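Beneath this line is the structure, given in structure tokens, with notes to follow.
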Amino acid sequence: MNILLLGYGKMGKAIEQLALDRGHQIAARIDANNVDELETTSSDAVDVVIEFSSPESAFENIKYCLERGWPVVCGTTGWLSHRAEIEQLCRDKKGAFFYASNYSIGVNLFFRLNKTLAKFMRQYPSYQVSMTEVHHTEKKDAPSGTAITLAEGILEQLPTKKRWVNREGDQPQSLIDSTDAVEIESLREGTVPGTHVIRYDSEVDQIEIKHTAHSRQGFALGAVVAAEWLNGREGIFGMDDLLGSDE
Ligand SMILES: NC(=O)C1=CN([C@@H]2O[C@H](COP(=O)(O)OP(=O)(O)OC[C@H]3O[C@@H](n4cnc5c(N)ncnc54)[C@H](OP(=O)(O)O)[C@@H]3O)[C@@H](O)[C@H]2O)C=CC1
Ligand SMILES: O=C(O)C1=N[C@H](C(=O)O)C[C@H](O)C1
């Protein structure tokens with residue numbers, strides 16, 4: 001497959017290596033400095049675009065690619081207020097769009113475990129749920145896309161929780177009203193690739209589940225596998241389509 005890398009930072013580079021190892025070719029590598037190269041890239045030279053750029057640029061990038069008729073696998077977080085618009089454009093153009101806030105298999109198993117635990121905890125209102133996500137200091141958005149997906153999974157299962165709230169850095173917990181909210185604490189430390197912890201606290205004990213990424217390899221592999229899967233398909237997809245149901 002000919003893959004266009006849209007965003008050639010930490011993830012773009014990890015994806016390139018894995019794509020080459022799996023026998024694919026790189027049609028172009030685009031970052032903030034050479035976005036105009038998109039115009040001069042021939043439509044036929046690209047089978048699929050893998051988009052990992054920035055919260056500010058993702059929407060315009062995806063839109064441009066769908067208008068060119070290129071299938072898009074996107075992993076960029078922090079742009080989802082425009083998701084409905086992208087999905088409508090994809091339908092109008094009869095295109096192909098794949099999105100995941102996290103492409104690692106482990107996190108996608110963790111998403112399922114999170115929902116199952118939340119459903120179970122419905123019967124135990126003495127436990128208060130909260131979440132912590134830890135990422136490297138270059139990360140632009142908070143909370144992480146993965147934390148938002150986890151929070152949405154909890155909201156789906158726990159009727160007492162109506163929304164999520166974010167607590168960044170040193171913000172004191174006393175300022176947050178989390179009676180009807182899932183509190184997400186966002187920490188930025190060193191080069192941490194991505195850690196997510198869900199906690200249920202009672203007066204007497206704590207239940208905790210945790211996913212720790214050891215590197216970006218899992219995210220990159222998932223994105224390349226998603227691109228292989230998307231090639232030749234039409235529609236809007238996510239990791240549940242790729243991995244199948246858990247039943
Ligand atoms: N879904 C998932 O599994 C994962 C998602 N992510 C998400 O992916 C995104 C990228 O992460 P990461 O690679 O670590 O970030 P980096 O900051 O390392 O890389 C971002 C890249 O995007 C480029 N860029 C900026 N603006 C544009 C533009 N207009 N068009 C094209 N490229 C542009 C940057 O170029 P320049 O350097 O020139 O500014 C840089 O090459 C983030 O939103 C992150 O949260 C990350 C890991 C896993
Ligand atoms: O920016 C990152 O690095 C990551 N971003 C994604 C997110 O926001 O959830 C996925 C992963 O946690 C790494």
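Numbering starts fresh at 1 for the residues of each chain in the structure tokens, the chains themselves are lettered A, B, ... in the order given, and ligands are numbered from 1 as they appear.
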
At most 6 Å from ligand 2 (only C-alpha atoms and all ligand atoms): residue list as a PyMOL selection string:
chain A and resi 77+101-102+139+144-146+193-194

Any idea what's packed within 8 Å of A:Arg122, counting only C-alpha atoms, ignoring anything in its chain fewer than 5 positions away? Could you give it as a list in words?
Gln157, Leu158 and Pro159 of chain A

Output file for the residues above (N, CA and C atoms, as a PDB file, in the first residue's frame):
ATOM      1  N   GLN A 157     -22.561   3.748  31.575  1.00  0.00           N
ATOM      2  CA  GLN A 157     -22.917   2.659  32.492  1.00  0.00           C
ATOM      3  C   GLN A 157     -23.372   3.118  33.875  1.00  0.00           C
ATOM      4  N   LEU A 158     -22.933   4.297  34.317  1.00  0.00           N
ATOM      5  CA  LEU A 158     -23.253   4.768  35.685  1.00  0.00           C
ATOM      6  C   LEU A 158     -24.256   5.923  35.612  1.00  0.00           C
ATOM      7  N   PRO A 159     -25.543   5.678  35.869  1.00  0.00           N
ATOM      8  CA  PRO A 159     -26.552   6.738  35.701  1.00  0.00           C
ATOM      9  C   PRO A 159     -26.356   7.930  36.648  1.00  0.00           C
TER      10      PRO A 159
END

So which residues of stretch 58-219 of chain A fall under alpha helix (DSSP H) by DSSP, listed as number ranges by chain?
A: 58-68, 83-93, 105-121, 145-157, 217-219

Residues within 9 Å of ligand 1, counting only C-alpha atoms and all ligand atoms: report them as JSON, numbers by chain.
{"A": [5, 6, 7, 8, 9, 10, 11, 12, 13, 14, 29, 30, 31, 32, 33, 34, 35, 51, 52, 53, 54, 55, 56, 57, 58, 60, 61, 74, 75, 76, 77, 78, 79, 99, 100, 101, 102, 103, 104, 107, 136, 138, 139, 140, 141, 144, 145, 146, 193, 194, 216, 218, 219, 220, 222, 223]}

Take the residues that were just selected and, keeping C-alpha atoms, output them as a PDB file, in the first residue's frame.
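again.pdb written:
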ATOM      1  CA  LEU A   5       1.820  10.309   6.481  1.00  0.00           C
ATOM      2  CA  LEU A   6       0.008  13.506   7.450  1.00  0.00           C
ATOM      3  CA  GLY A   7       1.844  14.644  10.595  1.00  0.00           C
ATOM      4  CA  TYR A   8       5.424  13.472  10.797  1.00  0.00           C
ATOM      5  CA  GLY A   9       6.244  13.868  14.475  1.00  0.00           C
ATOM      6  CA  LYS A  10       6.664  11.202  17.171  1.00  0.00           C
ATOM      7  CA  MET A  11       3.757   9.103  15.878  1.00  0.00           C
ATOM      8  CA  GLY A  12       4.328   9.727  12.164  1.00  0.00           C
ATOM      9  CA  LYS A  13       7.900   8.452  12.509  1.00  0.00           C
ATOM     10  CA  ALA A  14       6.921   5.380  14.572  1.00  0.00           C
ATOM     11  CA  ARG A  29       5.663  12.721   4.693  1.00  0.00           C
ATOM     12  CA  ILE A  30       3.846  15.954   5.557  1.00  0.00           C
ATOM     13  CA  ASP A  31       4.344  18.155   8.586  1.00  0.00           C
ATOM     14  CA  ALA A  32       3.663  21.819   9.380  1.00  0.00           C
ATOM     15  CA  ASN A  33       6.593  22.923   7.152  1.00  0.00           C
ATOM     16  CA  ASN A  34       5.529  21.272   3.865  1.00  0.00           C
ATOM     17  CA  VAL A  35       1.705  21.109   3.941  1.00  0.00           C
ATOM     18  CA  GLU A  51      -3.190  11.429  10.053  1.00  0.00           C
ATOM     19  CA  PHE A  52      -1.429  12.099  13.384  1.00  0.00           C
ATOM     20  CA  SER A  53      -0.900  15.878  13.497  1.00  0.00           C
ATOM     21  CA  SER A  54      -2.205  18.389  16.027  1.00  0.00           C
ATOM     22  CA  PRO A  55      -5.593  19.300  17.548  1.00  0.00           C
ATOM     23  CA  GLU A  56      -5.534  22.592  15.576  1.00  0.00           C
ATOM     24  CA  SER A  57      -4.742  21.087  12.155  1.00  0.00           C
ATOM     25  CA  ALA A  58      -6.555  17.725  12.108  1.00  0.00           C
ATOM     26  CA  GLU A  60      -8.701  20.814   7.892  1.00  0.00           C
ATOM     27  CA  ASN A  61      -6.333  17.943   7.064  1.00  0.00           C
ATOM     28  CA  CYS A  74      -6.878   9.453  12.031  1.00  0.00           C
ATOM     29  CA  GLY A  75      -5.407   9.252  15.528  1.00  0.00           C
ATOM     30  CA  THR A  76      -5.155  12.935  16.349  1.00  0.00           C
ATOM     31  CA  THR A  77      -6.971  13.937  19.536  1.00  0.00           C
ATOM     32  CA  GLY A  78      -8.542  17.229  20.609  1.00  0.00           C
ATOM     33  CA  TRP A  79     -10.509  18.070  17.420  1.00  0.00           C
ATOM     34  CA  TYR A  99     -10.951   7.119  13.963  1.00  0.00           C
ATOM     35  CA  ALA A 100      -9.669   5.881  17.321  1.00  0.00           C
ATOM     36  CA  SER A 101      -8.604   7.914  20.336  1.00  0.00           C
ATOM     37  CA  ASN A 102      -6.182   5.055  20.995  1.00  0.00           C
ATOM     38  CA  TYR A 103      -5.022   2.417  18.486  1.00  0.00           C
ATOM     39  CA  SER A 104      -3.351   0.010  20.914  1.00  0.00           C
ATOM     40  CA  VAL A 107      -6.149   0.072  25.561  1.00  0.00           C
ATOM     41  CA  HIS A 136       4.719  13.485  28.247  1.00  0.00           C
ATOM     42  CA  GLU A 138       4.833  17.889  24.818  1.00  0.00           C
ATOM     43  CA  LYS A 139       1.198  16.783  24.777  1.00  0.00           C
ATOM     44  CA  LYS A 140      -1.024  19.669  23.620  1.00  0.00           C
ATOM     45  CA  ASP A 141      -4.491  18.559  24.759  1.00  0.00           C
ATOM     46  CA  SER A 144      -6.255  12.859  26.668  1.00  0.00           C
ATOM     47  CA  GLY A 145      -8.568  11.473  23.979  1.00  0.00           C
ATOM     48  CA  THR A 146      -8.255   8.083  25.641  1.00  0.00           C
ATOM     49  CA  PRO A 193       3.950   7.581  26.426  1.00  0.00           C
ATOM     50  CA  GLY A 194       0.516   7.251  28.106  1.00  0.00           C
ATOM     51  CA  ARG A 216       4.411   4.195  21.079  1.00  0.00           C
ATOM     52  CA  GLY A 218       1.270  -0.369  20.186  1.00  0.00           C
ATOM     53  CA  PHE A 219      -0.377   2.838  18.914  1.00  0.00           C
ATOM     54  CA  ALA A 220       1.656   2.754  15.678  1.00  0.00           C
ATOM     55  CA  GLY A 222      -2.776  -0.440  15.495  1.00  0.00           C
ATOM     56  CA  ALA A 223      -2.815   2.517  13.085  1.00  0.00           C
TER      57      ALA A 223
END

Residue neighbourhood A:Ala142, 12 Å, only C-alpha atoms, exclusion window fewer than 5 positions, as a list of chain:residue names:
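Contacts, with the query itself left out: A:Pro55, A:Thr77, A:Gly78, A:Trp79, A:Thr132, A:Glu133, A:Val134, A:His135, A:His136, A:Thr137, A:Ala147, A:Ile148, A:Val165, A:Asn166, A:Arg167, A:Glu168, A:Gly169, A:Ile184, A:Glu185, A:Ser186, A:Leu187, A:Arg188.
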
Please compute the atom CA of A:Thr149-atom CA of A:Val48 distance, one decimal, in Å.
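Separation of atom CA of A:Thr149 and atom CA of A:Val48: 25.0 Å.
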
So which one's closest to A:Thr116, A:Val73, A:Ile154, A:Leu80, A:Ile86? Using only C-alpha atoms, please.
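For A:Thr116, the nearest of the given residues is A:Ile154.
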
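In this comparison, which uses only C-alpha atoms, the residue of A:Phe120, A:Tyr127, A:Phe110, A:Trp70 approaching A:Lys94 most closely is A:Trp70.
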
For atom CA of A:Arg83 and atom CA of A:Pro71, the interatomic separation in Å (one decimal):
15.6 Å

Assign secondary structure with DSSP using the backbone only, and return the residues of stretch 20-100 of chain A in strand (DSSP E) as JSON, numbers by chain.
{"A": [25, 26, 27, 28, 29, 30, 48, 49, 50, 51, 72, 73, 74, 96, 97, 98, 99]}
